[in-house]
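Note: the block below is protein-v2.csv and it holds CSV, N, CA and C atoms.
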```
chain,number,residue,atom,x,y,z
Q,1,MET,N,143.2,179.4,113.4
Q,1,MET,CA,142.6,178.4,114.2
Q,1,MET,C,142.8,177.0,113.6
Q,2,GLU,N,143.4,176.1,114.3
Q,2,GLU,CA,143.7,174.8,113.7
Q,2,GLU,C,143.1,173.7,114.7
Q,3,VAL,N,142.4,172.8,114.1
Q,3,VAL,CA,141.8,171.7,114.9
Q,3,VAL,C,142.8,170.6,115.1
Q,4,ARG,N,142.9,170.1,116.3
Q,4,ARG,CA,143.9,169.0,116.7
Q,4,ARG,C,143.6,167.8,115.8
Q,5,VAL,N,144.7,167.2,115.3
Q,5,VAL,CA,144.6,166.0,114.5
Q,5,VAL,C,144.9,164.8,115.4
Q,6,ASN,N,144.0,163.9,115.4
Q,6,ASN,CA,144.2,162.7,116.3
Q,6,ASN,C,145.1,161.7,115.5
Q,7,ASN,N,146.0,161.1,116.2
Q,7,ASN,CA,146.8,160.0,115.6
Q,7,ASN,C,146.1,158.7,115.8
Q,8,LYS,N,146.7,157.6,115.3
Q,8,LYS,CA,146.1,156.3,115.3
Q,8,LYS,C,145.9,155.8,116.7
Q,9,LYS,N,146.8,156.1,117.6
Q,9,LYS,CA,146.7,155.6,119.0
Q,9,LYS,C,145.5,156.3,119.7
Q,10,GLU,N,145.4,157.6,119.5
Q,10,GLU,CA,144.2,158.3,120.1
Q,10,GLU,C,142.9,157.9,119.6
Q,11,ILE,N,142.8,157.5,118.3
Q,11,ILE,CA,141.6,157.0,117.7
Q,11,ILE,C,141.2,155.7,118.3
Q,12,LEU,N,142.2,154.8,118.4
Q,12,LEU,CA,141.9,153.5,119.0
Q,12,LEU,C,141.5,153.6,120.5
Q,13,LYS,N,142.1,154.6,121.2
Q,13,LYS,CA,141.7,154.8,122.6
Q,13,LYS,C,140.3,155.3,122.8
Q,14,SER,N,139.8,156.0,121.8
Q,14,SER,CA,138.4,156.5,121.8
Q,14,SER,C,137.4,155.4,121.7
Q,15,PHE,N,137.8,154.2,121.2
Q,15,PHE,CA,136.9,153.1,121.1
Q,15,PHE,C,136.9,152.2,122.3
Q,16,ILE,N,137.5,152.6,123.4
Q,16,ILE,CA,137.6,151.7,124.6
Q,16,ILE,C,136.2,151.3,125.1
Q,17,GLY,N,135.2,152.1,124.9
Q,17,GLY,CA,133.9,151.7,125.4
Q,17,GLY,C,133.3,150.5,124.6
Q,18,TRP,N,133.8,150.3,123.4
Q,18,TRP,CA,133.3,149.2,122.6
Q,18,TRP,C,134.1,147.9,122.9
Q,19,LEU,N,135.0,147.9,123.8
Q,19,LEU,CA,135.9,146.7,124.1
Q,19,LEU,C,135.1,145.5,124.4
Q,20,PRO,N,134.1,145.5,125.3
Q,20,PRO,CA,133.3,144.3,125.6
Q,20,PRO,C,132.7,143.7,124.4
Q,21,LEU,N,132.0,144.5,123.6
Q,21,LEU,CA,131.4,144.0,122.4
Q,21,LEU,C,132.4,143.5,121.4
Q,22,ALA,N,133.6,144.1,121.3
Q,22,ALA,CA,134.6,143.7,120.4
Q,22,ALA,C,135.2,142.3,120.8
Q,23,LEU,N,135.3,142.2,122.1
Q,23,LEU,CA,135.8,140.9,122.6
Q,23,LEU,C,134.9,139.7,122.4
Q,24,GLY,N,133.6,140.0,122.6
Q,24,GLY,CA,132.6,139.0,122.3
Q,24,GLY,C,132.5,138.7,120.8
Q,25,ALA,N,132.6,139.7,119.9
Q,25,ALA,CA,132.7,139.4,118.5
Q,25,ALA,C,133.9,138.7,118.1
Q,26,THR,N,135.0,138.9,118.7
Q,26,THR,CA,136.3,138.2,118.4
Q,26,THR,C,136.1,136.8,118.8
Q,27,VAL,N,135.5,136.4,119.9
Q,27,VAL,CA,135.3,135.0,120.3
Q,27,VAL,C,134.4,134.4,119.3
Q,28,PHE,N,133.3,135.0,118.9
Q,28,PHE,CA,132.3,134.5,118.0
Q,28,PHE,C,133.0,134.2,116.6
Q,29,TYR,N,133.6,135.2,116.1
Q,29,TYR,CA,134.2,135.0,114.7
Q,29,TYR,C,135.4,134.1,114.8
Q,30,GLY,N,136.1,134.0,115.9
Q,30,GLY,CA,137.2,133.0,116.0
Q,30,GLY,C,136.6,131.6,116.0
Q,31,MET,N,135.6,131.4,116.7
Q,31,MET,CA,134.9,130.0,116.7
Q,31,MET,C,134.4,129.7,115.3
Q,32,LEU,N,133.8,130.7,114.6
Q,32,LEU,CA,133.2,130.5,113.3
Q,32,LEU,C,134.3,130.2,112.3
Q,33,PHE,N,135.5,130.9,112.3
Q,33,PHE,CA,136.6,130.6,111.4
Q,33,PHE,C,137.1,129.2,111.7
Q,34,ILE,N,137.3,128.9,112.9
Q,34,ILE,CA,137.8,127.5,113.2
Q,34,ILE,C,136.9,126.5,112.8
Q,35,PHE,N,135.6,126.6,113.0
Q,35,PHE,CA,134.6,125.7,112.6
Q,35,PHE,C,134.6,125.5,111.0
Q,36,ILE,N,134.6,126.6,110.3
Q,36,ILE,CA,134.6,126.5,108.8
Q,36,ILE,C,135.8,125.9,108.3
Q,37,ILE,N,137.0,126.2,108.8
Q,37,ILE,CA,138.2,125.6,108.4
Q,37,ILE,C,138.3,124.1,108.7
Q,38,LYS,N,137.8,123.8,109.9
Q,38,LYS,CA,137.8,122.4,110.3
Q,38,LYS,C,136.9,121.6,109.4
Q,39,ARG,N,135.7,122.1,109.1
Q,39,ARG,CA,134.7,121.5,108.3
Q,39,ARG,C,135.2,121.3,106.8
Q,40,LEU,N,135.9,122.3,106.3
Q,40,LEU,CA,136.5,122.2,105.0
Q,40,LEU,C,137.5,121.1,104.9
Q,41,LEU,N,138.4,121.1,106.0
Q,41,LEU,CA,139.4,120.1,106.0
Q,41,LEU,C,138.9,118.6,106.1
Q,42,THR,N,137.8,118.4,106.9
Q,42,THR,CA,137.3,117.1,107.0
Q,42,THR,C,136.4,116.7,105.9
Q,43,GLU,N,135.6,117.6,105.3
Q,43,GLU,CA,134.7,117.2,104.2
Q,43,GLU,C,135.4,117.1,102.9
Q,44,PHE,N,136.2,118.1,102.5
Q,44,PHE,CA,136.7,118.2,101.1
Q,44,PHE,C,138.1,117.6,101.0
Q,45,ILE,N,138.9,117.7,102.0
Q,45,ILE,CA,140.3,117.2,101.9
Q,45,ILE,C,140.4,115.8,102.6
Q,46,ASP,N,139.4,115.4,103.4
Q,46,ASP,CA,139.3,114.1,104.0
Q,46,ASP,C,140.5,113.9,105.0
Q,47,ILE,N,140.7,114.8,105.9
Q,47,ILE,CA,141.7,114.7,106.9
Q,47,ILE,C,141.0,114.2,108.2
Q,48,ASP,N,141.7,113.5,109.0
Q,48,ASP,CA,141.2,113.0,110.3
Q,48,ASP,C,140.7,114.1,111.2
Q,49,GLN,N,139.7,113.8,112.0
Q,49,GLN,CA,139.0,114.8,112.8
Q,49,GLN,C,140.0,115.5,113.8
Q,50,GLU,N,140.8,114.7,114.4
Q,50,GLU,CA,141.8,115.3,115.4
Q,50,GLU,C,142.8,116.2,114.7
Q,51,LEU,N,143.4,115.8,113.6
Q,51,LEU,CA,144.3,116.6,112.9
Q,51,LEU,C,143.6,117.9,112.3
Q,52,ALA,N,142.4,117.7,111.8
Q,52,ALA,CA,141.7,118.8,111.3
Q,52,ALA,C,141.4,119.8,112.4
Q,53,GLY,N,141.1,119.3,113.6
Q,53,GLY,CA,140.9,120.3,114.7
Q,53,GLY,C,142.1,121.1,115.1
Q,54,GLU,N,143.3,120.4,115.1
Q,54,GLU,CA,144.5,121.2,115.4
Q,54,GLU,C,144.9,122.2,114.3
Q,55,VAL,N,144.8,121.7,113.0
Q,55,VAL,CA,145.1,122.6,111.9
Q,55,VAL,C,144.1,123.7,111.8
Q,56,GLY,N,142.8,123.4,112.1
Q,56,GLY,CA,141.7,124.4,112.0
Q,56,GLY,C,141.9,125.5,113.1
Q,57,LEU,N,142.3,125.0,114.3
Q,57,LEU,CA,142.6,126.0,115.4
Q,57,LEU,C,143.7,127.0,115.0
Q,58,LEU,N,144.8,126.4,114.5
Q,58,LEU,CA,145.9,127.3,114.1
Q,58,LEU,C,145.5,128.2,112.9
Q,59,LEU,N,144.9,127.7,111.9
Q,59,LEU,CA,144.5,128.5,110.7
Q,59,LEU,C,143.4,129.5,111.1
Q,60,GLY,N,142.5,129.1,112.0
Q,60,GLY,CA,141.4,130.0,112.4
Q,60,GLY,C,142.0,131.2,113.2
Q,61,VAL,N,142.9,130.9,114.0
Q,61,VAL,CA,143.5,132.0,114.8
Q,61,VAL,C,144.3,133.0,113.9
Q,62,VAL,N,145.0,132.4,112.9
Q,62,VAL,CA,145.8,133.2,112.0
Q,62,VAL,C,144.8,134.1,111.2
Q,63,VAL,N,143.8,133.5,110.7
Q,63,VAL,CA,142.8,134.3,109.9
Q,63,VAL,C,142.1,135.4,110.7
Q,64,LEU,N,141.8,135.0,112.0
Q,64,LEU,CA,141.2,136.0,112.9
Q,64,LEU,C,142.1,137.2,113.2
Q,65,VAL,N,143.3,136.9,113.5
Q,65,VAL,CA,144.3,138.0,113.8
Q,65,VAL,C,144.5,138.8,112.6
Q,66,THR,N,144.6,138.2,111.4
Q,66,THR,CA,144.8,139.0,110.2
Q,66,THR,C,143.6,139.9,109.9
Q,67,CYS,N,142.4,139.4,110.1
Q,67,CYS,CA,141.2,140.2,109.8
Q,67,CYS,C,141.1,141.3,110.8
Q,68,ILE,N,141.5,141.1,112.1
Q,68,ILE,CA,141.4,142.2,113.1
Q,68,ILE,C,142.5,143.3,112.7
Q,69,TYR,N,143.7,142.8,112.3
Q,69,TYR,CA,144.7,143.8,112.0
Q,69,TYR,C,144.3,144.6,110.8
Q,70,LEU,N,143.7,144.0,109.7
Q,70,LEU,CA,143.3,144.7,108.5
Q,70,LEU,C,142.1,145.7,108.8
Q,71,TYR,N,141.2,145.3,109.7
Q,71,TYR,CA,140.1,146.1,110.1
Q,71,TYR,C,140.6,147.3,110.8
Q,72,LEU,N,141.4,147.1,111.9
Q,72,LEU,CA,141.9,148.2,112.6
Q,72,LEU,C,142.7,149.2,111.8
Q,73,ASN,N,143.5,148.7,110.9
Q,73,ASN,CA,144.3,149.5,110.0
Q,73,ASN,C,143.4,150.3,109.1
Q,74,TRP,N,142.4,149.7,108.6
Q,74,TRP,CA,141.5,150.5,107.7
Q,74,TRP,C,140.7,151.5,108.5
Q,75,ILE,N,140.2,151.2,109.6
Q,75,ILE,CA,139.4,152.2,110.4
Q,75,ILE,C,140.2,153.3,110.9
Q,76,THR,N,141.4,153.1,111.3
Q,76,THR,CA,142.2,154.2,111.8
Q,76,THR,C,142.7,155.1,110.6
Q,77,LYS,N,143.0,154.5,109.5
Q,77,LYS,CA,143.3,155.4,108.3
Q,77,LYS,C,142.2,156.2,107.9
Q,78,SER,N,141.0,155.6,107.8
Q,78,SER,CA,139.8,156.4,107.4
Q,78,SER,C,139.4,157.5,108.4
Q,79,LEU,N,139.5,157.2,109.7
Q,79,LEU,CA,139.1,158.2,110.7
Q,79,LEU,C,140.2,159.3,110.8
Q,80,SER,N,141.4,159.0,110.6
Q,80,SER,CA,142.5,160.0,110.7
Q,80,SER,C,142.6,160.9,109.5
Q,81,SER,N,141.8,160.6,108.5
Q,81,SER,CA,141.9,161.4,107.2
Q,81,SER,C,141.0,162.7,107.3
Q,82,TYR,N,140.2,162.8,108.4
Q,82,TYR,CA,139.3,164.0,108.5
Q,82,TYR,C,140.1,165.2,109.0
Q,83,ARG,N,139.7,166.4,108.5
Q,83,ARG,CA,140.4,167.6,108.9
Q,83,ARG,C,139.5,168.8,108.8
Q,84,LEU,N,139.5,169.7,109.7
Q,84,LEU,CA,138.8,170.9,109.7
Q,84,LEU,C,139.7,172.0,110.2
Q,85,ALA,N,139.9,173.0,109.4
Q,85,ALA,CA,140.8,174.1,109.8
Q,85,ALA,C,140.4,175.4,109.2
Q,86,ILE,N,140.9,176.5,109.8
Q,86,ILE,CA,140.7,177.8,109.3
Q,86,ILE,C,142.1,178.4,109.0
Q,87,ARG,N,142.3,178.8,107.8
Q,87,ARG,CA,143.6,179.4,107.4
Q,87,ARG,C,143.3,180.8,106.8
Q,88,GLY,N,143.5,181.8,107.6
Q,88,GLY,CA,143.2,183.2,107.1
Q,88,GLY,C,141.7,183.3,106.9
Q,89,GLU,N,141.3,183.5,105.7
Q,89,GLU,CA,139.9,183.7,105.4
Q,89,GLU,C,139.3,182.5,104.7
Q,90,ILE,N,140.0,181.4,104.8
Q,90,ILE,CA,139.5,180.1,104.1
Q,90,ILE,C,139.2,179.0,105.1
Q,91,LEU,N,138.1,178.3,105.0
Q,91,LEU,CA,137.8,177.2,105.8
Q,91,LEU,C,138.1,175.9,105.0
Q,92,LEU,N,139.0,175.1,105.6
Q,92,LEU,CA,139.5,173.9,104.9
Q,92,LEU,C,138.7,172.7,105.5
Q,93,VAL,N,138.1,171.9,104.6
Q,93,VAL,CA,137.3,170.7,105.0
Q,93,VAL,C,137.9,169.5,104.2
Q,94,LYS,N,138.4,168.5,104.9
Q,94,LYS,CA,138.9,167.3,104.3
Q,94,LYS,C,138.3,166.1,105.0
Q,95,GLY,N,138.0,165.1,104.2
Q,95,GLY,CA,137.5,163.8,104.8
Q,95,GLY,C,137.0,162.9,103.8
Q,96,ILE,N,136.2,161.9,104.2
Q,96,ILE,CA,135.6,160.9,103.3
Q,96,ILE,C,134.1,161.1,103.4
Q,97,SER,N,133.5,161.2,102.2
Q,97,SER,CA,132.1,161.3,102.0
Q,97,SER,C,131.6,160.3,101.1
Q,98,GLY,N,131.0,159.2,101.6
Q,98,GLY,CA,130.5,158.1,100.8
Q,98,GLY,C,131.7,157.4,100.2
Q,99,TRP,N,131.8,157.3,98.9
Q,99,TRP,CA,132.9,156.6,98.2
Q,99,TRP,C,133.9,157.5,97.7
Q,100,LYS,N,133.7,158.8,98.0
Q,100,LYS,CA,134.7,159.8,97.5
Q,100,LYS,C,135.4,160.5,98.7
Q,101,THR,N,136.5,161.1,98.4
Q,101,THR,CA,137.2,162.0,99.4
Q,101,THR,C,136.7,163.4,99.2
Q,102,LEU,N,136.6,164.1,100.3
Q,102,LEU,CA,136.1,165.5,100.3
Q,102,LEU,C,137.3,166.4,100.6
Q,103,ASP,N,137.5,167.4,99.7
Q,103,ASP,CA,138.6,168.3,99.9
Q,103,ASP,C,138.1,169.7,99.4
Q,104,LYS,N,137.6,170.4,100.3
Q,104,LYS,CA,137.0,171.7,99.9
Q,104,LYS,C,137.7,172.9,100.6
Q,105,GLU,N,137.8,174.0,99.9
Q,105,GLU,CA,138.2,175.2,100.5
Q,105,GLU,C,137.1,176.2,100.3
Q,106,VAL,N,136.5,176.7,101.4
Q,106,VAL,CA,135.4,177.6,101.4
Q,106,VAL,C,135.7,178.9,102.0
Q,107,PRO,N,135.5,180.0,101.2
Q,107,PRO,CA,135.7,181.4,101.8
Q,107,PRO,C,134.8,181.6,103.0
Q,108,ILE,N,135.3,182.1,104.1
Q,108,ILE,CA,134.6,182.3,105.3
Q,108,ILE,C,133.4,183.3,105.1
Q,109,ASN,N,133.6,184.3,104.3
Q,109,ASN,CA,132.6,185.3,104.1
Q,109,ASN,C,131.4,184.8,103.3
Q,110,SER,N,131.5,183.6,102.7
Q,110,SER,CA,130.4,183.0,101.9
Q,110,SER,C,129.6,182.1,102.8
Q,111,ILE,N,130.0,181.8,104.0
Q,111,ILE,CA,129.2,181.0,104.9
Q,111,ILE,C,128.1,181.8,105.6
Q,112,GLN,N,126.8,181.3,105.4
Q,112,GLN,CA,125.7,182.0,105.9
Q,112,GLN,C,125.3,181.5,107.3
Q,113,LYS,N,125.2,180.1,107.4
Q,113,LYS,CA,124.8,179.5,108.7
Q,113,LYS,C,125.7,178.3,108.9
Q,114,ILE,N,125.9,178.0,110.2
Q,114,ILE,CA,126.5,176.7,110.6
Q,114,ILE,C,125.6,176.0,111.6
Q,115,TYR,N,125.2,174.8,111.3
Q,115,TYR,CA,124.4,174.0,112.1
Q,115,TYR,C,125.2,173.1,113.0
Q,116,TRP,N,125.0,173.1,114.2
Q,116,TRP,CA,125.7,172.2,115.2
Q,116,TRP,C,124.8,171.1,115.7
Q,117,CYS,N,125.1,169.9,115.4
Q,117,CYS,CA,124.3,168.8,115.9
Q,117,CYS,C,125.0,168.0,116.9
Q,118,LYS,N,124.7,168.2,118.2
Q,118,LYS,CA,125.3,167.5,119.3
Q,118,LYS,C,124.7,166.2,119.5
Q,119,ARG,N,125.5,165.1,119.5
Q,119,ARG,CA,124.9,163.8,119.7
Q,119,ARG,C,125.3,163.2,121.0
```

Whole structure given in structure tokens:
Amino acid sequence: MEVRVNNKKEILKSFIGWLPLALGATVFYGMLFIFIIKRLLTEFIDIDQELAGEVGLLLGVVVLVTCIYLYLNWITKSLSSYRLAIRGEILLVKGISGWKTLDKEVPINSIQKIYWCKR
């Protein structure tokens, strides 16, 4: 028995319910990044407000897109690393547990109980 392994595209499709919240957060963080960059340019580098607004908008969008890409890349890699399979008389369990990776092979005859928690 082998459990189906999701690819990155299927993992991202499973988060479609979070899309409205993600869009709201994107707008919020985009405005925050633009404001911080514009403020840094006007206060510390002493650039004109209008120029700082244009440069802040461009840099804020670049920082936002980079952060979104890095986050999605990290979340899909971490979620796609989980695996549960039965090979012969061995139960294979792989995944991430806290700060460590989990890679266990458990003989099936040593399993006494399995608890199923449906959420």

>> Residues within 6.5 Å of range 56-66 of chain Q, please, as a VMD selection string. Count only N, CA and C atoms; anything in the same chain fewer than 5 positions from it doesn't count.
In response: chain Q and resid 29 to 30 33 to 35 37 to 38 51 71

> To one decimal place, how far is CA of Tyr82 in chain Q from CA of Ile96 in chain Q in Å?
Replying inline: 7.1 Å

> Which distance in Å separates atom N of Trp116 in chain Q and atom N of Leu12 in chain Q, to one decimal?
Replying inline: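 Going from atom N of Trp116 in chain Q over to atom N of Leu12 in chain Q covers 25.5 Å.
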
> Any idea what the distance is between CA of Gly98 in chain Q and CA of Leu19 in chain Q?
Replying inline: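 Pair CA of Gly98 in chain Q / CA of Leu19 in chain Q returns 26.5 Å.
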
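Distance annotation: of Q:Asp48, Q:Glu43, Q:Glu54, Q:Glu105, the residue with the minimal separation from Ile86 in chain Q is Q:Glu105; atom set is only C-alpha atoms.
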
> Where in chain Q does DSSP assign strand (DSSP E or B), given as a list in words?
Replying inline: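 Answer for chain Q, restricted to strand (DSSP E or B): Glu2, Arg83, Leu84, Ala85, Ile86, Arg87, Ile90, Leu91, Leu92, Val93, Lys94, Gly95, Ile96, Ser97, Lys100, Thr101, Leu102, Asp103, Lys104, Glu105, Val106 and Pro107 of chain Q.
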
> When distances are computed from only N, CA and C atoms, which of Q:Tyr69, Q:Ser97, Q:Leu91, Q:Ser78 shows the smallest separation from Asn109 in chain Q?
Replying inline: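 Smallest distance to Asn109 in chain Q is found for Q:Leu91.
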
>> Run DSSP on the backbone and tell me which residues of chain Q come out as helix (DSSP H, G or I); list them as a ChimeraX atom specification.
In response: /Q:8-13,16-43,49-79,108-110
